$ cat final.cif   # mmCIF, C-alpha atoms
data_final
#
loop_
_atom_site.label_atom_id
_atom_site.label_comp_id
_atom_site.auth_asym_id
_atom_site.auth_seq_id
_atom_site.Cartn_x
_atom_site.Cartn_y
_atom_site.Cartn_z
CA MET A 1 45.15 95.61 102.95
CA HIS A 2 47.64 98.07 101.50
CA GLU A 3 47.52 99.53 98.03
CA TYR A 4 49.14 97.89 95.05
CA GLN A 5 52.69 99.03 94.36
CA PRO A 6 54.43 98.42 91.02
CA PRO A 7 57.44 96.07 91.18
CA LEU A 8 60.94 97.56 91.17
CA ASP A 9 63.76 96.32 88.98
CA ARG A 10 67.09 95.39 90.53
CA MET A 11 68.73 98.72 89.77
CA ALA A 12 65.93 100.72 91.40
CA ALA A 13 65.88 98.48 94.49
CA ALA A 14 69.69 98.65 94.83
CA SER A 15 69.70 102.45 94.59
CA ARG A 16 67.29 102.71 97.51
CA TYR A 17 69.43 100.48 99.70
CA LEU A 18 72.56 102.44 98.76
CA LEU A 19 70.92 105.71 99.81
CA ALA A 20 69.72 104.15 103.06
CA ALA A 21 73.22 102.79 103.80
CA LEU A 22 74.98 106.11 103.17
CA PRO A 23 75.04 107.22 106.88
CA LEU A 24 76.24 103.75 107.83
CA ALA A 25 79.07 103.97 105.31
CA LEU A 26 80.09 107.42 106.61
CA TYR A 27 80.21 106.07 110.16
CA GLY A 28 82.37 103.20 108.94
CA VAL A 29 84.81 105.66 107.37
CA LEU A 30 84.78 107.69 110.60
CA LEU A 31 85.54 104.58 112.66
CA VAL A 32 88.51 103.65 110.46
CA THR A 33 89.80 107.22 110.52
CA LEU A 34 89.61 107.48 114.30
CA SER A 35 91.31 104.15 114.87
CA GLY A 36 94.25 105.25 112.71
CA ARG A 37 94.89 108.40 114.70
CA ALA A 38 94.93 109.04 118.42
CA PRO A 39 93.84 106.23 120.71
CA VAL A 40 90.08 105.90 120.98
CA THR A 41 88.39 104.86 124.18
CA PRO A 42 86.56 101.54 124.23
CA GLU A 43 83.40 103.38 125.18
CA ALA A 44 83.54 105.49 121.98
CA ILE A 45 84.14 102.45 119.79
CA THR A 46 81.31 100.60 121.50
CA GLU A 47 79.01 103.59 120.95
CA LEU A 48 79.91 103.78 117.25
CA LEU A 49 79.44 100.04 116.75
CA ALA A 50 76.10 100.10 118.56
CA ASP A 51 74.91 102.99 116.39
CA MET A 52 76.02 101.13 113.25
CA GLY A 53 74.35 97.94 114.44
CA ILE A 54 71.02 99.71 114.90
CA GLY A 55 71.44 101.32 111.46
CA ALA A 56 72.07 97.88 109.95
CA ALA A 57 68.90 96.62 111.64
CA GLY A 58 67.04 99.49 109.94
CA LEU A 59 68.41 98.35 106.58
CA VAL A 60 67.10 94.85 107.26
CA LEU A 61 63.66 96.24 108.10
CA LEU A 62 63.48 97.92 104.67
CA ARG A 63 62.98 94.46 103.21
CA TRP A 64 59.33 94.59 104.39
CA ARG A 65 58.62 98.28 103.68
CA ARG A 66 56.21 97.39 100.85
CA ASP A 67 54.36 94.63 102.69
CA LYS A 68 53.97 96.63 105.94
CA PRO A 69 54.54 100.23 104.85
CA TRP A 70 53.38 102.25 107.85
CA GLN A 71 54.76 99.78 110.38
CA ILE A 72 58.26 99.87 108.86
CA ALA A 73 58.17 103.65 108.44
CA LEU A 74 57.21 104.01 112.13
CA ALA A 75 59.78 101.46 113.37
CA THR A 76 62.70 102.99 111.46
CA ALA A 77 61.65 106.47 112.63
CA LEU A 78 61.81 105.31 116.27
CA LEU A 79 65.28 103.86 115.71
CA THR A 80 66.61 107.34 114.89
CA VAL A 81 66.16 108.34 118.55
CA VAL A 82 69.14 106.17 119.53
CA SER A 83 70.98 105.79 116.19
CA THR A 84 72.21 108.39 113.74
CA THR A 85 72.85 105.78 111.02
CA ALA A 86 69.19 104.70 111.24
CA ALA A 87 68.25 108.03 109.65
CA GLY A 88 69.05 106.61 106.20
CA PRO A 89 66.60 103.68 106.39
CA ALA A 90 64.03 105.91 108.12
CA LEU A 91 64.05 108.51 105.34
CA VAL A 92 63.89 105.86 102.59
CA ALA A 93 61.00 104.09 104.35
CA TYR A 94 59.19 107.44 104.74
CA VAL A 95 59.49 108.25 101.01
CA SER A 96 58.34 104.73 100.10
CA PHE A 97 55.34 105.13 102.38
CA GLY A 98 54.57 108.58 100.96
CA THR A 99 54.53 107.45 97.32
CA HIS A 100 51.39 105.39 97.95
CA ARG A 101 49.57 107.12 100.80
CA ALA A 102 47.42 110.25 101.06
CA TRP A 103 48.14 113.30 103.19
CA ARG A 104 45.94 112.21 106.07
CA ARG A 105 47.92 108.98 106.53
CA LEU A 106 51.30 110.50 105.82
CA VAL A 107 51.13 113.44 108.27
CA PRO A 108 51.22 111.29 111.47
CA ILE A 109 54.28 109.38 110.25
CA ALA A 110 55.96 112.65 109.25
CA ALA A 111 55.30 114.07 112.72
CA VAL A 112 56.74 110.99 114.42
CA LEU A 113 59.83 111.03 112.20
CA TRP A 114 60.45 114.73 112.85
CA THR A 115 59.99 114.29 116.60
CA CYS A 116 62.41 111.36 116.72
CA LEU A 117 65.06 113.19 114.70
CA VAL A 118 64.81 116.24 116.91
CA ALA A 119 64.89 114.09 120.05
CA SER A 120 68.09 112.44 118.86
CA THR A 121 69.82 115.85 118.92
CA ARG A 122 68.36 117.08 122.22
CA TRP A 123 71.34 115.87 124.31
CA GLN A 124 73.96 116.63 121.64
CA GLY A 125 74.05 120.44 122.01
CA THR A 126 72.39 123.61 123.24
CA ASP A 127 68.78 124.61 122.86
CA GLN A 128 69.69 126.93 119.98
CA LEU A 129 71.35 124.03 118.12
CA THR A 130 68.30 121.84 118.73
CA ILE A 131 66.04 124.53 117.28
CA ALA A 132 68.28 124.75 114.22
CA TYR A 133 68.13 120.98 113.83
CA ALA A 134 64.34 121.09 114.19
CA VAL A 135 64.00 123.68 111.43
CA GLY A 136 66.44 121.80 109.19
CA PHE A 137 64.66 118.47 109.71
CA ALA A 138 61.31 120.13 108.95
CA PHE A 139 62.66 121.32 105.59
CA VAL A 140 64.16 117.90 104.85
CA ILE A 141 60.92 116.06 105.63
CA GLY A 142 58.91 118.61 103.66
CA GLY A 143 61.19 118.18 100.66
CA LEU A 144 61.00 114.39 100.90
CA THR A 145 57.20 114.61 101.10
CA LEU A 146 57.08 116.62 97.87
CA PHE A 147 59.50 114.17 96.28
CA ALA A 148 57.30 111.24 97.34
CA PHE A 149 54.25 112.86 95.78
CA TYR A 150 56.26 113.57 92.63
CA LEU A 151 57.19 109.90 92.37
CA ARG A 152 53.58 108.93 92.97
CA GLY A 153 52.46 111.29 90.18
CA ARG A 154 54.94 109.73 87.76
CA ARG A 155 53.77 106.24 88.67
CA ASP A 156 50.13 107.22 88.28
CA LEU A 157 50.89 108.72 84.88
CA ALA A 158 52.76 105.60 83.80
CA ALA A 159 49.88 103.43 85.03
CA ALA A 160 47.39 105.60 83.11
CA GLN A 161 49.49 105.32 79.97
CA ARG A 162 49.69 101.54 80.34
CA ALA A 163 45.91 101.41 80.84
CA ALA A 164 45.40 103.56 77.74
CA GLU A 165 47.72 101.35 75.71
CA LEU A 166 45.91 98.25 76.93
CA SER A 167 42.56 99.82 76.09
CA ALA A 168 43.81 100.78 72.62
CA SER A 169 45.14 97.26 72.12
CA LEU A 170 41.80 95.76 73.15
CA GLN A 171 40.00 98.15 70.80
CA ARG A 172 42.27 97.10 67.92
CA VAL A 173 41.49 93.46 68.69
CA GLU A 174 37.76 94.19 68.78
CA ARG A 175 37.95 96.10 65.49
CA ALA A 176 39.83 93.20 63.92
CA LYS A 177 37.16 90.78 65.18
CA LEU A 178 34.39 93.02 63.83
CA ALA A 179 36.12 93.28 60.46
CA GLU A 180 36.42 89.50 60.32
CA ARG A 181 32.75 89.09 61.22
CA LEU A 182 31.77 91.51 58.47
CA LYS A 183 33.96 89.61 56.03
CA ILE A 184 32.29 86.34 56.98
CA ALA A 185 28.86 87.96 56.74
CA HIS A 186 29.65 89.16 53.21
CA GLU A 187 30.83 85.69 52.21
CA MET A 188 27.70 84.08 53.66
CA HIS A 189 25.44 86.54 51.86
CA ASP A 190 27.20 86.08 48.52
CA VAL A 191 27.18 82.29 48.74
CA LEU A 192 23.70 81.75 50.14
CA ALA A 193 21.94 84.42 48.10
CA HIS A 194 23.36 82.93 44.90
CA ARG A 195 22.37 79.35 45.77
CA ILE A 196 18.95 80.14 47.22
CA SER A 197 18.01 82.30 44.24
CA LEU A 198 18.92 79.38 41.96
CA LEU A 199 16.77 77.07 44.06
CA ALA A 200 13.87 79.52 43.94
CA MET A 201 14.11 79.80 40.15
CA LEU A 202 14.25 76.01 39.68
CA ALA A 203 11.41 75.43 42.15
CA GLY A 204 9.37 78.13 40.41
CA GLY A 205 9.75 76.27 37.13
CA LEU A 206 8.35 73.13 38.70
CA ALA A 207 5.45 75.04 40.26
CA TYR A 208 4.26 76.95 37.18
CA ARG A 209 5.19 74.81 34.20
CA THR A 210 2.72 72.05 33.53
CA ASP A 211 4.19 71.02 30.17
CA LEU A 212 7.32 69.38 31.59
CA SER A 213 7.84 65.70 30.86
CA ALA A 214 8.72 63.25 33.58
CA GLY A 215 12.38 63.32 32.52
CA GLU A 216 12.51 67.14 32.57
CA THR A 217 10.85 67.19 35.98
CA ARG A 218 13.38 64.69 37.23
CA GLU A 219 16.28 66.74 35.85
CA THR A 220 14.96 69.87 37.52
CA ALA A 221 14.53 68.05 40.84
CA LEU A 222 18.09 66.72 40.58
CA ALA A 223 19.32 70.26 39.89
CA ILE A 224 17.50 71.48 43.01
CA GLN A 225 19.06 68.67 45.03
CA GLU A 226 22.55 69.44 43.67
CA ASN A 227 22.22 73.14 44.45
CA ALA A 228 20.99 72.34 47.95
CA HIS A 229 24.09 70.17 48.54
CA GLN A 230 26.28 72.91 47.11
CA SER A 231 24.65 75.43 49.46
CA LEU A 232 25.44 73.28 52.49
CA ASN A 233 29.02 72.63 51.39
CA GLU A 234 29.73 76.30 50.69
CA LEU A 235 28.08 77.33 53.95
CA ARG A 236 30.32 74.87 55.85
CA ALA A 237 33.38 76.31 54.10
CA VAL A 238 32.47 79.86 55.15
CA LEU A 239 31.55 78.92 58.72
CA GLY A 240 34.77 76.93 58.96
CA THR A 241 36.64 80.21 59.19
CA LEU A 242 34.90 80.83 62.52
CA ARG A 243 36.47 77.66 63.90
CA ASN A 244 39.74 77.96 62.04
CA ASP A 245 42.59 76.68 64.25
CA GLY A 246 45.37 77.68 61.90
CA GLY A 247 44.76 74.92 59.42
CA ARG A 248 44.61 75.38 55.69
CA GLN A 249 41.50 77.16 54.45
CA ALA A 250 39.43 75.96 51.53
CA PRO A 251 40.42 77.55 48.19
CA GLN A 252 38.43 80.67 47.34
CA PRO A 253 36.89 81.29 43.88
CA THR A 254 38.75 83.60 41.49
CA LEU A 255 38.27 84.99 38.01
CA GLY A 256 39.19 81.58 36.61
CA GLN A 257 35.97 80.07 37.98
CA LEU A 258 33.67 82.57 36.25
CA ASP A 259 33.06 80.23 33.29
CA ASP A 260 31.90 77.55 35.73
CA LEU A 261 29.59 80.09 37.37
CA PHE A 262 28.07 81.07 34.01
CA ASP A 263 27.57 77.41 33.06
CA GLU A 264 25.94 76.74 36.42
CA VAL A 265 23.36 79.54 36.18
CA ARG A 266 22.63 78.72 32.54
CA ALA A 267 21.97 75.10 33.52
CA ALA A 268 19.50 76.41 36.10
CA GLY A 269 17.65 78.36 33.40
CA GLN A 270 19.09 81.86 33.64
CA GLN A 271 19.93 83.40 30.26
CA VAL A 272 23.36 85.01 30.35
CA GLU A 273 25.41 86.60 27.59
CA VAL A 274 29.09 87.12 28.28
CA ALA A 275 31.53 89.50 26.60
CA ASP A 276 35.03 88.85 27.97
CA ALA A 277 37.75 91.28 26.86
CA ILE A 278 40.26 90.90 29.71
CA ASP A 279 43.93 91.02 28.62
CA GLU A 280 46.73 89.27 30.52
CA ARG A 281 44.26 87.79 32.98
CA GLU A 282 46.94 85.48 34.37
CA SER A 283 48.64 88.53 35.97
CA LEU A 284 45.49 89.58 37.83
CA PRO A 285 46.07 89.36 41.62
CA ALA A 286 44.18 86.49 43.26
CA GLN A 287 42.46 88.81 45.74
CA THR A 288 41.18 91.06 42.94
CA GLY A 289 39.99 87.99 41.04
CA ARG A 290 38.12 86.81 44.12
CA HIS A 291 36.36 90.17 44.47
CA ALA A 292 35.51 90.12 40.75
CA TYR A 293 33.97 86.65 41.07
CA ARG A 294 31.80 87.72 44.02
CA ILE A 295 30.69 90.90 42.23
CA VAL A 296 29.56 88.96 39.16
CA GLN A 297 27.92 86.31 41.35
CA GLU A 298 25.96 88.90 43.31
CA ALA A 299 24.98 90.76 40.13
CA LEU A 300 23.54 87.56 38.66
CA THR A 301 21.76 86.87 41.96
CA ASN A 302 20.31 90.38 41.94
CA ALA A 303 19.06 89.87 38.37
CA ARG A 304 17.31 86.60 39.30
CA LYS A 305 15.64 88.24 42.29
CA HIS A 306 14.50 91.50 40.71
CA ALA A 307 14.44 91.19 36.91
CA PRO A 308 11.34 89.90 35.07
CA PRO A 309 11.27 86.09 34.67
CA GLY A 310 13.18 84.86 31.63
CA SER A 311 15.16 88.10 31.32
CA ARG A 312 18.43 88.04 29.44
CA VAL A 313 21.41 89.18 31.49
CA ARG A 314 24.51 90.59 29.83
CA ALA A 315 27.91 90.48 31.57
CA GLU A 316 30.78 92.50 30.13
CA LEU A 317 34.31 92.05 31.48
CA GLY A 318 37.32 94.07 30.40
CA GLY A 319 40.60 95.52 31.54
CA ARG A 320 44.35 95.08 31.58
CA PRO A 321 47.27 95.81 33.92
CA GLY A 322 47.62 99.49 34.68
CA HIS A 323 44.07 100.32 33.52
CA GLY A 324 42.04 98.40 36.09
CA LEU A 325 39.36 95.74 35.80
CA ARG A 326 35.83 96.68 34.74
CA ILE A 327 32.72 94.58 35.36
CA ARG A 328 29.43 95.65 33.83
CA VAL A 329 26.30 93.55 34.32
CA SER A 330 22.90 94.62 33.01
CA ASN A 331 19.40 93.15 32.90
CA PRO A 332 15.91 94.42 32.02
CA ALA A 333 14.50 96.51 34.84
CA PRO A 334 10.97 95.73 36.01
CA PHE A 335 8.33 98.35 35.34
CA GLY A 336 8.38 101.22 37.82
CA THR A 337 11.96 100.66 39.04
CA SER A 338 13.64 103.91 40.00
CA ALA A 339 17.26 104.68 39.35
CA GLY A 340 19.75 103.57 41.90
CA PRO A 341 17.85 101.04 44.05
CA GLY A 342 20.35 101.44 46.88
CA ALA A 343 17.96 100.12 49.48
CA ARG A 344 18.65 96.55 48.39
CA LEU A 345 20.93 94.95 50.93
CA GLY A 346 22.76 92.90 48.31
CA LEU A 347 23.87 96.04 46.51
CA VAL A 348 24.84 97.67 49.80
CA GLY A 349 27.08 94.72 50.65
CA LEU A 350 28.44 94.68 47.12
CA ALA A 351 29.33 98.37 47.31
CA GLU A 352 31.13 97.76 50.60
CA ARG A 353 33.09 94.84 49.16
CA THR A 354 34.14 96.95 46.17
CA ARG A 355 35.17 99.83 48.43
CA MET A 356 37.29 97.52 50.58
CA ALA A 357 39.01 96.29 47.40
CA GLY A 358 39.91 99.89 46.52
CA GLY A 359 37.43 100.15 43.65
CA THR A 360 34.19 101.92 42.84
CA LEU A 361 30.65 100.70 42.18
CA SER A 362 27.73 102.46 40.51
CA HIS A 363 24.26 101.29 39.50
CA ALA A 364 21.38 102.95 37.68
CA VAL A 365 18.51 102.28 35.28
CA GLN A 366 19.46 103.18 31.71
CA ASP A 367 17.16 102.68 28.71
CA GLY A 368 14.96 100.27 30.61
CA ARG A 369 17.84 98.15 31.90
CA PHE A 370 19.36 98.01 35.34
CA VAL A 371 23.11 98.49 34.93
CA LEU A 372 25.71 97.66 37.56
CA ASP A 373 29.21 98.98 36.84
CA ALA A 374 32.19 98.04 39.03
CA ARG A 375 35.82 99.06 38.62
CA LEU A 376 38.66 97.40 40.51
CA PRO A 377 42.32 98.48 40.63
CA TRP A 378 44.84 96.39 38.68
CA GLU A 379 48.43 97.54 39.02
CA ALA A 380 50.76 97.16 36.05
#
$ encode --input "final.cif" --output "structure tokens"
Amino acid sequence: MHEYQPPLDRMAAASRYLLAALPLALYGVLLVTLSGRAPVTPEAITELLADMGIGAAGLVLLRWRRDKPWQIALATALLTVVSTTAAGPALVAYVSFGTHRAWRRLVPIAAVLWTCLVASTRWQGTDQLTIAYAVGFAFVIGGLTLFAFYLRGRRDLAAAQRAAELSASLQRVERAKLAERLKIAHEMHDVLAHRISLLAMLAGGLAYRTDLSAGETRETALAIQENAHQSLNELRAVLGTLRNDGGRQAPQPTLGQLDDLFDEVRAAGQQVEVADAIDERESLPAQTGRHAYRIVQEALTNARKHAPPGSRVRAELGGRPGHGLRIRVSNPAPFGTSAGPGARLGLVGLAERTRMAGGTLSHAVQDGRFVLDARLPWEA
């Protein structure tokens, strides 16, 4: 099995045949020139035509030089013993063979080609002329060998560049996939952490409060059921992006749904105070509004998970075009909480989301309250 060789375009293939046919064309010109001058003997014409016929056969053999490289190189080299015009196909076949073969496989073919070329001149002149031909052919074959290795180096470099480009393209695809997975992971965390913390708070009320009436117990159980259904629906919406076949995605929450979020958590028992001072909120980009919604949602979830039961959470929203959007959420910090609880995975994911949106996020304990402060860009 021979080595893979890159395909040639039509121009490259035609140029090789033109070079191989050059001696044949010169002989054709010589034949026409001789026939127009002094009478030429039939033997001379027959000899010229026979030489040209063998050269044409060598051109035909070049058709298989890539499928059977050493066989064609050897066959065309042998034809040069009896045909001068076969030298063109022989040299082209030798270069083609040399561009894809190592020294140890090329040297025998080079030796055969040199021997055949020298043998073709043995009966055409004196010994001194034969020696001159031998030296000249040695230089020609040596030059063609270097040229073949030069072509092989260029092809190897082009192949390496193509491999590098393919590798870079595959890496870009993998990075895009990883970024999408991270995006989905963030969405799943934001959605599920919010819903499950609500379920935990509602279930905790049922477990520890013994003064609830039957109606209040039923309302709490219905709220748990509703939040469980909402969890499943939102989880399906997020996981649907993994199977997305180009169809329309479910609408994502924006700043306009914050009031619904506040009503929802209040209905579940979380005490939330809201101070909304956003100007020209209708001009806020939808993507920024989506990030703002998730930041507030995660901040409320964090308060339910870590603040003392029954704590009052305060959410302050402000900003306008050209000055950015600010979100500040605070809640009482449990006793012994240190500043900047960065080990919490929710806050780590929230910081990453804010960074990807081009904003900044800080959190610390101030005057006994845990304060989360996020700033998002809002172009004028």
$ residues_around --input "final.cif" --residues "range 319-336 of chain A" --least-positions-apart "4" --cutoff "6 Å" --atoms "all atoms listed in the file" --output "JSON list (two decimals) with C-alpha atoms, keeping the file's coordinate frame"
[["chain", "number", "residue", "atom", "x", "y", "z"],
["A", 278, "ILE", "CA", 40.26, 90.90, 29.71],
["A", 279, "ASP", "CA", 43.93, 91.02, 28.62],
["A", 307, "ALA", "CA", 14.44, 91.19, 36.91],
["A", 308, "PRO", "CA", 11.34, 89.90, 35.07],
["A", 313, "VAL", "CA", 21.41, 89.18, 31.49],
["A", 314, "ARG", "CA", 24.51, 90.59, 29.83],
["A", 315, "ALA", "CA", 27.91, 90.48, 31.57],
["A", 368, "GLY", "CA", 14.96, 100.27, 30.61],
["A", 369, "ARG", "CA", 17.84, 98.15, 31.90],
["A", 370, "PHE", "CA", 19.36, 98.01, 35.34],
["A", 371, "VAL", "CA", 23.11, 98.49, 34.93],
["A", 372, "LEU", "CA", 25.71, 97.66, 37.56],
["A", 373, "ASP", "CA", 29.21, 98.98, 36.84],
["A", 374, "ALA", "CA", 32.19, 98.04, 39.03],
["A", 375, "ARG", "CA", 35.82, 99.06, 38.62],
["A", 376, "LEU", "CA", 38.66, 97.40, 40.51],
["A", 377, "PRO", "CA", 42.32, 98.48, 40.63],
["A", 378, "TRP", "CA", 44.84, 96.39, 38.68],
["A", 379, "GLU", "CA", 48.43, 97.54, 39.02],
["A", 380, "ALA", "CA", 50.76, 97.16, 36.05]]
$ closest_residue --input "final.cif" --among "A:Gly142, A:Arg294, A:Gly358, A:Val92" --to "Leu61 in chain A" --atoms "only C-alpha atoms"
A:Val92
$ atom_distance --input "final.cif" --atom1 "CA of Arg290 in chain A" --atom2 "CA of Leu199 in chain A"
23.5 Å
$ resolve_selection --input "final.cif" --expression "the PyMOL selection byres ((chain A and resi 93) around 8)" --output "VMD selection string"
chain A and resid 62 65 69 72 to 73 76 89 to 92 94 to 97
$ residues_around --input "final.cif" --residues "Ala268 in chain A" --least-positions-apart "3" --cutoff "9 Å" --atoms "only C-alpha atoms" --output "PyMOL selection string"
chain A and resi 198-199+201-202+220+223-224+263-265
$ decode --input "final.cif" --residues "range 309-328 of chain A" --atoms "N, CA, C and O atoms" --output "PDB file, in the first residue's frame"
ATOM      1  N   PRO A 309     -34.512  32.055  60.336  1.00  0.00           N
ATOM      2  CA  PRO A 309     -35.916  31.925  59.933  1.00  0.00           C
ATOM      3  C   PRO A 309     -36.702  33.198  60.258  1.00  0.00           C
ATOM      4  O   PRO A 309     -36.529  33.812  61.309  1.00  0.00           O
ATOM      5  N   GLY A 310     -37.583  33.567  59.319  1.00  0.00           N
ATOM      6  CA  GLY A 310     -38.411  34.749  59.511  1.00  0.00           C
ATOM      7  C   GLY A 310     -37.691  36.057  59.275  1.00  0.00           C
ATOM      8  O   GLY A 310     -38.227  37.132  59.593  1.00  0.00           O
ATOM      9  N   SER A 311     -36.479  36.026  58.747  1.00  0.00           N
ATOM     10  CA  SER A 311     -35.711  37.249  58.512  1.00  0.00           C
ATOM     11  C   SER A 311     -36.378  38.096  57.432  1.00  0.00           C
ATOM     12  O   SER A 311     -36.994  37.580  56.493  1.00  0.00           O
ATOM     13  N   ARG A 312     -36.189  39.400  57.565  1.00  0.00           N
ATOM     14  CA  ARG A 312     -36.725  40.324  56.577  1.00  0.00           C
ATOM     15  C   ARG A 312     -35.623  40.649  55.575  1.00  0.00           C
ATOM     16  O   ARG A 312     -34.537  41.095  55.939  1.00  0.00           O
ATOM     17  N   VAL A 313     -35.919  40.433  54.317  1.00  0.00           N
ATOM     18  CA  VAL A 313     -34.973  40.686  53.232  1.00  0.00           C
ATOM     19  C   VAL A 313     -35.336  42.008  52.568  1.00  0.00           C
ATOM     20  O   VAL A 313     -36.519  42.299  52.341  1.00  0.00           O
ATOM     21  N   ARG A 314     -34.315  42.798  52.266  1.00  0.00           N
ATOM     22  CA  ARG A 314     -34.553  44.075  51.596  1.00  0.00           C
ATOM     23  C   ARG A 314     -33.861  44.048  50.234  1.00  0.00           C
ATOM     24  O   ARG A 314     -32.661  43.773  50.135  1.00  0.00           O
ATOM     25  N   ALA A 315     -34.608  44.342  49.169  1.00  0.00           N
ATOM     26  CA  ALA A 315     -34.082  44.396  47.809  1.00  0.00           C
ATOM     27  C   ALA A 315     -34.190  45.823  47.296  1.00  0.00           C
ATOM     28  O   ALA A 315     -35.284  46.402  47.273  1.00  0.00           O
ATOM     29  N   GLU A 316     -33.055  46.378  46.891  1.00  0.00           N
ATOM     30  CA  GLU A 316     -33.012  47.742  46.371  1.00  0.00           C
ATOM     31  C   GLU A 316     -32.530  47.702  44.930  1.00  0.00           C
ATOM     32  O   GLU A 316     -31.467  47.160  44.634  1.00  0.00           O
ATOM     33  N   LEU A 317     -33.334  48.280  44.038  1.00  0.00           N
ATOM     34  CA  LEU A 317     -33.015  48.304  42.611  1.00  0.00           C
ATOM     35  C   LEU A 317     -32.941  49.754  42.153  1.00  0.00           C
ATOM     36  O   LEU A 317     -33.803  50.571  42.511  1.00  0.00           O
ATOM     37  N   GLY A 318     -31.934  50.072  41.368  1.00  0.00           N
ATOM     38  CA  GLY A 318     -31.794  51.429  40.882  1.00  0.00           C
ATOM     39  C   GLY A 318     -30.921  51.482  39.648  1.00  0.00           C
ATOM     40  O   GLY A 318     -30.199  50.541  39.325  1.00  0.00           O
ATOM     41  N   GLY A 319     -30.999  52.596  38.950  1.00  0.00           N
ATOM     42  CA  GLY A 319     -30.162  52.773  37.768  1.00  0.00           C
ATOM     43  C   GLY A 319     -30.916  53.444  36.646  1.00  0.00           C
ATOM     44  O   GLY A 319     -32.146  53.568  36.660  1.00  0.00           O
ATOM     45  N   ARG A 320     -30.148  53.851  35.634  1.00  0.00           N
ATOM     46  CA  ARG A 320     -30.729  54.458  34.432  1.00  0.00           C
ATOM     47  C   ARG A 320     -29.719  54.322  33.297  1.00  0.00           C
ATOM     48  O   ARG A 320     -28.530  54.027  33.549  1.00  0.00           O
ATOM     49  N   PRO A 321     -30.148  54.533  32.066  1.00  0.00           N
ATOM     50  CA  PRO A 321     -29.224  54.400  30.933  1.00  0.00           C
ATOM     51  C   PRO A 321     -27.994  55.282  31.097  1.00  0.00           C
ATOM     52  O   PRO A 321     -28.089  56.449  31.462  1.00  0.00           O
ATOM     53  N   GLY A 322     -26.834  54.690  30.815  1.00  0.00           N
ATOM     54  CA  GLY A 322     -25.584  55.425  30.920  1.00  0.00           C
ATOM     55  C   GLY A 322     -24.947  55.339  32.285  1.00  0.00           C
ATOM     56  O   GLY A 322     -23.767  55.688  32.436  1.00  0.00           O
ATOM     57  N   HIS A 323     -25.691  54.939  33.315  1.00  0.00           N
ATOM     58  CA  HIS A 323     -25.157  54.855  34.669  1.00  0.00           C
ATOM     59  C   HIS A 323     -25.163  53.424  35.207  1.00  0.00           C
ATOM     60  O   HIS A 323     -24.709  53.189  36.331  1.00  0.00           O
ATOM     61  N   GLY A 324     -25.693  52.493  34.446  1.00  0.00           N
ATOM     62  CA  GLY A 324     -25.700  51.106  34.873  1.00  0.00           C
ATOM     63  C   GLY A 324     -26.885  50.755  35.755  1.00  0.00           C
ATOM     64  O   GLY A 324     -27.662  51.623  36.173  1.00  0.00           O
ATOM     65  N   LEU A 325     -27.025  49.481  36.021  1.00  0.00           N
ATOM     66  CA  LEU A 325     -28.095  48.948  36.859  1.00  0.00           C
ATOM     67  C   LEU A 325     -27.473  48.409  38.143  1.00  0.00           C
ATOM     68  O   LEU A 325     -26.500  47.644  38.103  1.00  0.00           O
ATOM     69  N   ARG A 326     -28.042  48.811  39.285  1.00  0.00           N
ATOM     70  CA  ARG A 326     -27.521  48.356  40.571  1.00  0.00           C
ATOM     71  C   ARG A 326     -28.572  47.511  41.277  1.00  0.00           C
ATOM     72  O   ARG A 326     -29.753  47.881  41.341  1.00  0.00           O
ATOM     73  N   ILE A 327     -28.130  46.394  41.823  1.00  0.00           N
ATOM     74  CA  ILE A 327     -29.001  45.496  42.584  1.00  0.00           C
ATOM     75  C   ILE A 327     -28.340  45.275  43.942  1.00  0.00           C
ATOM     76  O   ILE A 327     -27.198  44.812  44.014  1.00  0.00           O
ATOM     77  N   ARG A 328     -29.058  45.590  44.982  1.00  0.00           N
ATOM     78  CA  ARG A 328     -28.522  45.431  46.339  1.00  0.00           C
ATOM     79  C   ARG A 328     -29.558  44.664  47.159  1.00  0.00           C
ATOM     80  O   ARG A 328     -30.699  45.112  47.322  1.00  0.00           O
TER      81      ARG A 328
END
